[in-house]
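Written out below as structure tokens is the structure these notes cover.
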Amino acid sequence: MHFDASEISSALAYKLLVSTIIPRPIAFVTSKSAAGVLNAAPYSFFNGMGSAPPVVAIGFQPTEAGGMKDTSSNILETGEFVVNIVDEALSVQMNQAAATLAPDVDEIELAGIETTASIDVAPPRITNSPMAMECKLFDKTELPGGGVIVIGEVIHFHLRDDAIAGHDPLRIDIDKLAPIARLNGPHYARITDKFSIKRPE
Ligand SMILES: Cc1cc2nc3c(=O)[nH]c(=O)nc-3n(C[C@H](O)[C@H](O)[C@H](O)COP(=O)(O)O)c2cc1C
């Protein structure tokens, strides 16, 4: 079946994207408004996009009313955020933080998320996240439909010690990192069924 993107609704385009670009990594983003209200929310239109400098990209949909989500609004206002990778232990709090709440509600407190002060950005990182990345706004692209794509430059990586399998060169134990990934709707995946393919010379 073929869909001409210029002839379908953005709701159908969304369904086609989120049901087929799977599994998606999850950025549990902590941010702080200019007024000082802390915020945490998950985003799976997310990935690392380059390494010199290290950058991540996050895609924000508009709210149902057509406005900006608190996270994107905070990032554009302050230029700072933290991407926290989510493991299964964090999944319940991550899901709680996805509730649509007023901008003055601190989801970090509401979901009982333990945080640690960041080194160079105002929003704290999530203490138990296997990998937290302090980011500064690098660039943004506003979409005509009200969404915004944010590119963040990672200025600090905080890797949980138990996920380190070796130093020099650094080796990361992905079974210890154990990130979960978003499928469609309420469905998630674990990385428990891996296979390897050796690249040709
Ligand atoms: C696992 C997961 C992934 C999500 N990914 C996105 C996303 O990539 N883009 C988006 O706009 N909303 C996404 N959402 C919905 C937001 O988390 C939700 O709208 C949240 O209330 C936004 O909070 P905020 O206004 O505090 O930023 C996702 C929700 C979940 C549970």
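By convention here, the chains of the structure tokens are called A, B, ... in the order presented, each chain's residues are numbered starting at 1, and ligands are numbered starting at 1 in the order presented.
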
Name each residue within 7 Å of ligand 1, counting only C-alpha atoms and all ligand atoms, as a ChimeraX atom specification.
/A:26,39-46,58-63,69-72,94-95,97-101,103,182

Print the selection's residues with N, CA and C atoms to a file, as a CSV table (one decimal), in the first residue's frame.
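Result file is selection.csv:
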chain,number,residue,atom,x,y,z
A,26,ILE,N,15.0,5.8,24.1
A,26,ILE,CA,14.2,6.8,24.8
A,26,ILE,C,15.1,7.8,25.6
A,39,ASN,N,11.4,19.8,35.3
A,39,ASN,CA,10.5,19.0,34.5
A,39,ASN,C,11.2,17.8,34.0
A,40,ALA,N,10.5,16.7,33.9
A,40,ALA,CA,11.0,15.4,33.3
A,40,ALA,C,10.0,14.8,32.4
A,41,ALA,N,10.4,14.4,31.2
A,41,ALA,CA,9.4,13.7,30.3
A,41,ALA,C,10.2,12.9,29.3
A,42,PRO,N,9.6,11.8,28.8
A,42,PRO,CA,10.3,10.9,27.9
A,42,PRO,C,10.0,11.3,26.4
A,43,TYR,N,11.0,11.1,25.6
A,43,TYR,CA,11.0,11.4,24.2
A,43,TYR,C,11.7,10.3,23.4
A,44,SER,N,11.0,9.7,22.4
A,44,SER,CA,11.6,8.6,21.6
A,44,SER,C,11.8,9.0,20.2
A,45,PHE,N,11.5,10.2,19.8
A,45,PHE,CA,12.0,10.7,18.5
A,45,PHE,C,13.4,11.3,18.9
A,46,PHE,N,14.3,10.3,19.0
A,46,PHE,CA,15.6,10.7,19.7
A,46,PHE,C,16.7,9.8,19.1
A,58,ILE,N,16.3,15.6,19.2
A,58,ILE,CA,15.0,15.2,19.8
A,58,ILE,C,13.9,15.8,19.0
A,59,GLY,N,12.9,15.1,18.6
A,59,GLY,CA,11.7,15.6,17.9
A,59,GLY,C,10.5,15.8,18.8
A,60,PHE,N,10.1,17.1,18.9
A,60,PHE,CA,9.0,17.4,19.8
A,60,PHE,C,7.7,17.6,18.9
A,61,GLN,N,6.7,16.9,19.2
A,61,GLN,CA,5.4,17.1,18.6
A,61,GLN,C,4.7,18.3,19.3
A,62,PRO,N,3.8,19.0,18.6
A,62,PRO,CA,3.1,20.1,19.4
A,62,PRO,C,2.1,19.4,20.4
A,63,THR,N,1.6,20.2,21.4
A,63,THR,CA,0.6,19.7,22.3
A,63,THR,C,-0.7,19.6,21.5
A,69,LYS,N,5.4,21.6,24.1
A,69,LYS,CA,5.5,20.8,25.3
A,69,LYS,C,6.4,21.5,26.3
A,70,ASP,N,6.3,21.2,27.6
A,70,ASP,CA,7.1,22.0,28.6
A,70,ASP,C,8.6,21.8,28.3
A,71,THR,N,9.0,20.5,27.9
A,71,THR,CA,10.4,20.3,27.7
A,71,THR,C,11.0,21.1,26.6
A,72,SER,N,10.3,21.2,25.4
A,72,SER,CA,10.9,22.0,24.3
A,72,SER,C,10.9,23.4,24.7
A,94,MET,N,9.3,6.8,34.4
A,94,MET,CA,9.3,7.5,33.0
A,94,MET,C,7.8,7.6,32.5
A,95,ASN,N,7.1,6.5,32.7
A,95,ASN,CA,5.7,6.5,32.2
A,95,ASN,C,4.8,7.6,33.0
A,97,ALA,N,5.9,10.3,34.3
A,97,ALA,CA,6.3,11.6,33.9
A,97,ALA,C,5.8,12.0,32.5
A,98,ALA,N,5.2,11.0,31.8
A,98,ALA,CA,4.6,11.3,30.4
A,98,ALA,C,3.2,11.8,30.5
A,99,ALA,N,2.7,11.9,31.7
A,99,ALA,CA,1.3,12.5,31.9
A,99,ALA,C,1.3,13.9,31.5
A,100,THR,N,0.2,14.4,30.9
A,100,THR,CA,0.1,15.8,30.5
A,100,THR,C,-0.2,16.6,31.8
A,101,LEU,N,0.7,17.4,32.2
A,101,LEU,CA,0.6,18.2,33.4
A,101,LEU,C,0.8,19.7,33.1
A,103,PRO,N,2.5,23.4,33.3
A,103,PRO,CA,3.9,23.7,33.3
A,103,PRO,C,4.5,23.9,34.7
A,182,ARG,N,11.2,2.1,22.9
A,182,ARG,CA,9.8,2.3,22.6
A,182,ARG,C,9.4,1.6,21.3

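Summary of the local environment: counting only C-alpha atoms, residues at most 9 Å from Arg160 (chain A), other than itself and those fewer than 2 positions away along its chain, are A:Thr127, A:Asn128, A:Ser129, A:Pro130, A:Met131, A:Ala132, A:His158, A:Asp162, A:Ala163, A:Ile164, A:Leu177.
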
How would you write, as number ranges by chain, the set of residues in region 5-168 of chain A that DSSP gives as helix (DSSP H, G or I)?
A: 5-7, 10-20, 70-78, 88-96, 107-110, 161-163

For the residues selected in the previous step, produce a file with C-alpha atoms as a tab-separated table (two decimals), in the first residue's frame.
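Produced file result.tsv, reproduced below:
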chain	number	residue	atom	x	y	z
A	5	ALA	CA	2.55	12.16	2.43
A	6	SER	CA	1.02	15.29	0.89
A	7	GLU	CA	-2.43	13.66	0.94
A	10	SER	CA	-0.39	14.30	10.21
A	11	ALA	CA	-2.08	11.78	12.57
A	12	LEU	CA	-1.74	9.03	9.96
A	13	ALA	CA	1.81	10.10	9.11
A	14	TYR	CA	2.59	9.90	12.86
A	15	LYS	CA	1.15	6.37	13.02
A	16	LEU	CA	3.19	5.25	10.00
A	17	LEU	CA	6.38	6.66	11.55
A	18	VAL	CA	5.97	5.40	15.13
A	19	SER	CA	4.76	1.94	14.14
A	20	THR	CA	7.60	1.23	11.73
A	70	ASP	CA	7.11	21.97	28.56
A	71	THR	CA	10.42	20.26	27.72
A	72	SER	CA	10.88	21.96	24.33
A	73	SER	CA	9.73	25.26	25.74
A	74	ASN	CA	12.26	24.98	28.60
A	75	ILE	CA	15.08	24.01	26.23
A	76	LEU	CA	14.40	26.91	23.87
A	77	GLU	CA	14.08	29.29	26.83
A	78	THR	CA	17.23	28.24	28.72
A	88	GLU	CA	13.54	-1.12	33.06
A	89	ALA	CA	13.92	0.04	36.67
A	90	LEU	CA	13.15	3.61	35.54
A	91	SER	CA	10.25	2.65	33.26
A	92	VAL	CA	7.43	3.19	35.78
A	93	GLN	CA	8.66	6.69	36.70
A	94	MET	CA	9.27	7.48	33.04
A	95	ASN	CA	5.67	6.54	32.25
A	96	GLN	CA	4.35	8.65	35.15
A	107	GLU	CA	7.27	15.83	37.46
A	108	ILE	CA	10.57	14.90	39.11
A	109	GLU	CA	9.04	15.39	42.55
A	110	LEU	CA	5.68	13.93	41.51
A	161	ASP	CA	30.03	2.50	36.71
A	162	ASP	CA	28.50	-0.99	36.56
A	163	ALA	CA	27.96	-0.58	32.79

What does the distance between CA of Thr116 (chain A) and CA of Glu80 (chain A) come to in Å, to one decimal place?
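If I compute the distance from CA of Thr116 (chain A) to CA of Glu80 (chain A), I get 15.6 Å.
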
DSSP on the backbone: what in region 39-171 of chain A comes out strand (DSSP E), as number ranges by chain?
A: 39-43, 46-51, 54-60, 80-85, 115-116, 125-126, 131-142, 148-159, 164-166, 171

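Comparing the minimum interatomic distances between Asp175 (chain A) and each of A:Pro23, A:Ile155, A:Ile119, A:Arg190, counting only C-alpha atoms, we find that A:Arg190 sits nearest.
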
Rounded to one decimal place, report the CA of Ala181 (chain A)-CA of Ile149 (chain A) distance in Å.
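Answer for the CA of Ala181 (chain A) to CA of Ile149 (chain A) separation: 19.9 Å.
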
Could you state the separation of CA of Val55 (chain A) and CA of His167 (chain A) in Å, given to one decimal place?
23.1 Å

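Nearest to Ala178 (chain A) of all the residues A:Ala65, A:Val150, A:Ala57, A:Val86 is A:Val86, based on only C-alpha atoms.
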
Write out as a list in words each polymer residue whose atoms come within 6 Å of region 81-84 of chain A, counting only C-alpha atoms; drop sequence neighbours fewer than 2 positions from it.
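Once the nearby chain positions are removed, what remains is Ala27, Phe28, Val29, Thr30, Ser31, Ser129, Met131, Ala132, Met133, Glu134 and Cys135 of chain A.
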
Selection to disk with C-alpha atoms, as a compact mmCIF listing (two decimals), in the first residue's frame:
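As written to disk, out-v4.txt reads:
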# COMPACT_ATOMS: atom_id res chain seq x y z
CA ALA A 27 15.52 10.15 26.08
CA PHE A 28 14.11 10.84 29.55
CA VAL A 29 14.74 14.58 29.42
CA THR A 30 15.20 16.70 32.53
CA SER A 31 14.90 20.44 32.04
CA SER A 129 20.02 6.37 34.80
CA MET A 131 23.80 7.09 31.02
CA ALA A 132 23.02 10.77 31.50
CA MET A 133 24.16 13.42 29.02
CA GLU A 134 24.33 17.09 29.96
CA CYS A 135 23.40 19.06 26.83
